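A.B. asks: Could you have a look at this structure, given as structure tokens, before my questions?
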Amino acid sequence: MAVYNLTADAETFTCNVFLVTGEETTLIDAGTVPGVVDAIEERVEDLDRVVLTHQHGDHVEQLDAVLKAFDPDCYAYADHPRRTHELADGDTVRIGDETCEAIYTPGHADDHLAFVSESTIYSGDVVVHDDGAFDDGSFGRTDMTGQSREELIESVRRILDRLPEDVEDMYAGHGGEFHGDVRTVIERALERAERREPKYPDG
């Protein structure tokens, strides 16, 4: 199994788009970069599924293009015209060679899911390693309409409650990937979120 960030070198705003190869070749989110289909084709011939962390525009703008090119299954929490499989809290989904549990994690988005296996977390935007606001433990923004810092805090706590001991790989919707003591990074993000201070005070 390998994990590729297809948008790592993007010059326009997008989310991280992760292609996970293996038994079930999976795309985590679709991003905004028009070349994402080409980037997938450079690495694999077929795509089994797309799994959405949430449906903010920077995560789904290229979804239709990906679905048209590969006709994969589409997994999501919230309704979507192209969704083929609904995911709820506690459901499992195969990503690459791993079985991941879906954890419902609202706050940044009402339909947000994180995906956790015995070794890996795909955390979307609820918690990230670095994002320009904080390094080594940050959290999704909650200052826009429909977002909630209180819900996000509960979501991060939920992740920590259900995070296996041996998780060492963290792939978030923004910022860099992280390999190491994932629990400590998430705990640090929780501490920062609990201060209730603006994430971007000068924004």
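Here's how to read the names in the structure tokens: chain A, B, ... by the order shown, residue numbers from 1 in each chain, ligand numbers from 1 in the order shown.
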With region 28-37 of chain A as the partner and 9 Å as the cut-off, tabulate the residues of region 42-148 of chain A that qualify, each row holding the nearest pair of atoms and their distance in Å to one decimal, using only C-alpha atoms, sorted by chain and rising number, as JSON lines.

C.D. replies:
```
{"residue": "A:Glu42", "atom": "CA", "partner": "A:Val37", "partner_atom": "CA", "distance": 8.7}
{"residue": "A:Arg49", "atom": "CA", "partner": "A:Ile28", "partner_atom": "CA", "distance": 8.8}
{"residue": "A:Val50", "atom": "CA", "partner": "A:Ile28", "partner_atom": "CA", "distance": 6.0}
{"residue": "A:Val51", "atom": "CA", "partner": "A:Ile28", "partner_atom": "CA", "distance": 5.0}
{"residue": "A:Leu52", "atom": "CA", "partner": "A:Asp29", "partner_atom": "CA", "distance": 4.8}
{"residue": "A:Thr53", "atom": "CA", "partner": "A:Asp29", "partner_atom": "CA", "distance": 6.5}
{"residue": "A:His54", "atom": "CA", "partner": "A:Asp29", "partner_atom": "CA", "distance": 8.0}
{"residue": "A:Gln55", "atom": "CA", "partner": "A:Asp29", "partner_atom": "CA", "distance": 8.6}
{"residue": "A:Gly57", "atom": "CA", "partner": "A:Thr32", "partner_atom": "CA", "distance": 7.7}
{"residue": "A:Asp58", "atom": "CA", "partner": "A:Gly31", "partner_atom": "CA", "distance": 5.3}
{"residue": "A:His59", "atom": "CA", "partner": "A:Gly31", "partner_atom": "CA", "distance": 4.3}
{"residue": "A:Val60", "atom": "CA", "partner": "A:Ala30", "partner_atom": "CA", "distance": 5.2}
{"residue": "A:Glu61", "atom": "CA", "partner": "A:Thr32", "partner_atom": "CA", "distance": 4.9}
{"residue": "A:Gln62", "atom": "CA", "partner": "A:Thr32", "partner_atom": "CA", "distance": 5.4}
{"residue": "A:Leu63", "atom": "CA", "partner": "A:Ala30", "partner_atom": "CA", "distance": 5.2}
{"residue": "A:Asp64", "atom": "CA", "partner": "A:Ala30", "partner_atom": "CA", "distance": 8.9}
{"residue": "A:Ala65", "atom": "CA", "partner": "A:Val37", "partner_atom": "CA", "distance": 7.1}
{"residue": "A:Val66", "atom": "CA", "partner": "A:Val37", "partner_atom": "CA", "distance": 5.9}
{"residue": "A:Ala69", "atom": "CA", "partner": "A:Val37", "partner_atom": "CA", "distance": 7.2}
{"residue": "A:Phe70", "atom": "CA", "partner": "A:Val37", "partner_atom": "CA", "distance": 8.8}
{"residue": "A:Ile95", "atom": "CA", "partner": "A:Ile28", "partner_atom": "CA", "distance": 8.8}
{"residue": "A:Tyr122", "atom": "CA", "partner": "A:Ile28", "partner_atom": "CA", "distance": 8.1}
{"residue": "A:Gly124", "atom": "CA", "partner": "A:Asp29", "partner_atom": "CA", "distance": 8.7}
```

A.B. asks: Could you give me, as a list in words, the residues within 7 Å of region 164-179 of chain A, counting only C-alpha atoms and dropping anything in the same chain fewer than 3 positions from it?

C.D. replies: Cys15, Asn16, Glu118, Ser119, Thr120, Ile121, Tyr122, Ser123, Gly124, Asp125, Val128, His129, Asp130, Asp131 and Val182 of chain A

A.B. asks: Take the selection from the previous step and output its residues with C-alpha atoms, as an mmCIF file, in the first residue's frame.

C.D. replies:
```cif
data_model
loop_
_atom_site.group_PDB
_atom_site.id
_atom_site.type_symbol
_atom_site.label_atom_id
_atom_site.label_comp_id
_atom_site.auth_asym_id
_atom_site.auth_seq_id
_atom_site.Cartn_x
_atom_site.Cartn_y
_atom_site.Cartn_z
ATOM 1 C CA CYS A 15 -7.233 20.427 -0.202
ATOM 2 C CA ASN A 16 -4.796 17.550 -0.013
ATOM 3 C CA GLU A 118 -4.999 0.487 13.288
ATOM 4 C CA SER A 119 -2.101 2.512 11.871
ATOM 5 C CA THR A 120 -3.508 5.510 9.993
ATOM 6 C CA ILE A 121 -5.863 8.472 10.324
ATOM 7 C CA TYR A 122 -7.289 10.434 7.423
ATOM 8 C CA SER A 123 -8.463 13.406 9.455
ATOM 9 C CA GLY A 124 -9.815 15.782 6.826
ATOM 10 C CA ASP A 125 -10.039 19.318 8.214
ATOM 11 C CA VAL A 128 -4.261 18.777 11.030
ATOM 12 C CA HIS A 129 -0.557 18.727 11.747
ATOM 13 C CA ASP A 130 0.278 22.201 10.392
ATOM 14 C CA ASP A 131 -1.703 24.810 8.512
ATOM 15 C CA VAL A 182 -0.121 11.093 16.223
#
```

A.B. asks: Could you give me, as a tab-separated table, every region 120-183 of chain A residue with an atom at most 9 Å from region 190-195 of chain A, plus its closest atom pair and distance in Å to one decimal, counting only C-alpha atoms, rows ordered by chain then number?

C.D. replies:
```
residue	atom	partner	partner_atom	distance
A:Val127	CA	A:Leu190	CA	8.4
A:Phe134	CA	A:Arg192	CA	8.9
A:Gly137	CA	A:Leu190	CA	8.1
A:Ser138	CA	A:Arg192	CA	7.2
A:Phe139	CA	A:Ala193	CA	6.7
A:Gly140	CA	A:Ala193	CA	8.9
A:Arg149	CA	A:Ala193	CA	7.4
A:Glu150	CA	A:Glu194	CA	8.4
A:Leu152	CA	A:Ala193	CA	8.2
A:Ile153	CA	A:Ala193	CA	6.5
A:Val156	CA	A:Leu190	CA	6.4
A:Arg157	CA	A:Leu190	CA	7.4
```

A.B. asks: May I have all residues of region 76-198 of chain A that DSSP, computed from the backbone, assigns to alpha helix (DSSP H), given as a PyMOL selection string?

C.D. replies: chain A and resi 149-162+182-194

A.B. asks: How far is it from CA of Thr99 (chain A) to CA of Val3 (chain A), in Å with one decimal?

C.D. replies: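 Going from CA of Thr99 (chain A) over to CA of Val3 (chain A), I get 14.8 Å.
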
A.B. asks: Between CA of Asp79 (chain A) and CA of Asp110 (chain A), what is the spacing in Å?

C.D. replies: 11.7 Å

A.B. asks: Could you name the residues that touch Tyr200 (chain A) at 10 Å or less, counting only C-alpha atoms, but leaving out those on the same chain fewer than 5 positions away, as an NGL selection string?

C.D. replies: :A and (132-134 or 141 or 143)

A.B. asks: In terms of the shortest atom-to-atom distance over only C-alpha atoms, which of A:Val44, A:Ala39, A:Ala10, A:Val185 is closest to Thr25 (chain A)?

C.D. replies: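 The answer is A:Val44, which sits nearest to Thr25 (chain A).
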
A.B. asks: Which is closest to Glu86 (chain A) among A:Pro106, A:Glu154, A:Asn5, A:Leu113, if we use only C-alpha atoms?

C.D. replies: A:Leu113

A.B. asks: If you measure from CA of Val126 (chain A) to CA of Thr145 (chain A), what distance in Å do you get, rounded to one decimal?

C.D. replies: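 Spanning CA of Val126 (chain A) to CA of Thr145 (chain A) is a straight-line distance of 16.0 Å.
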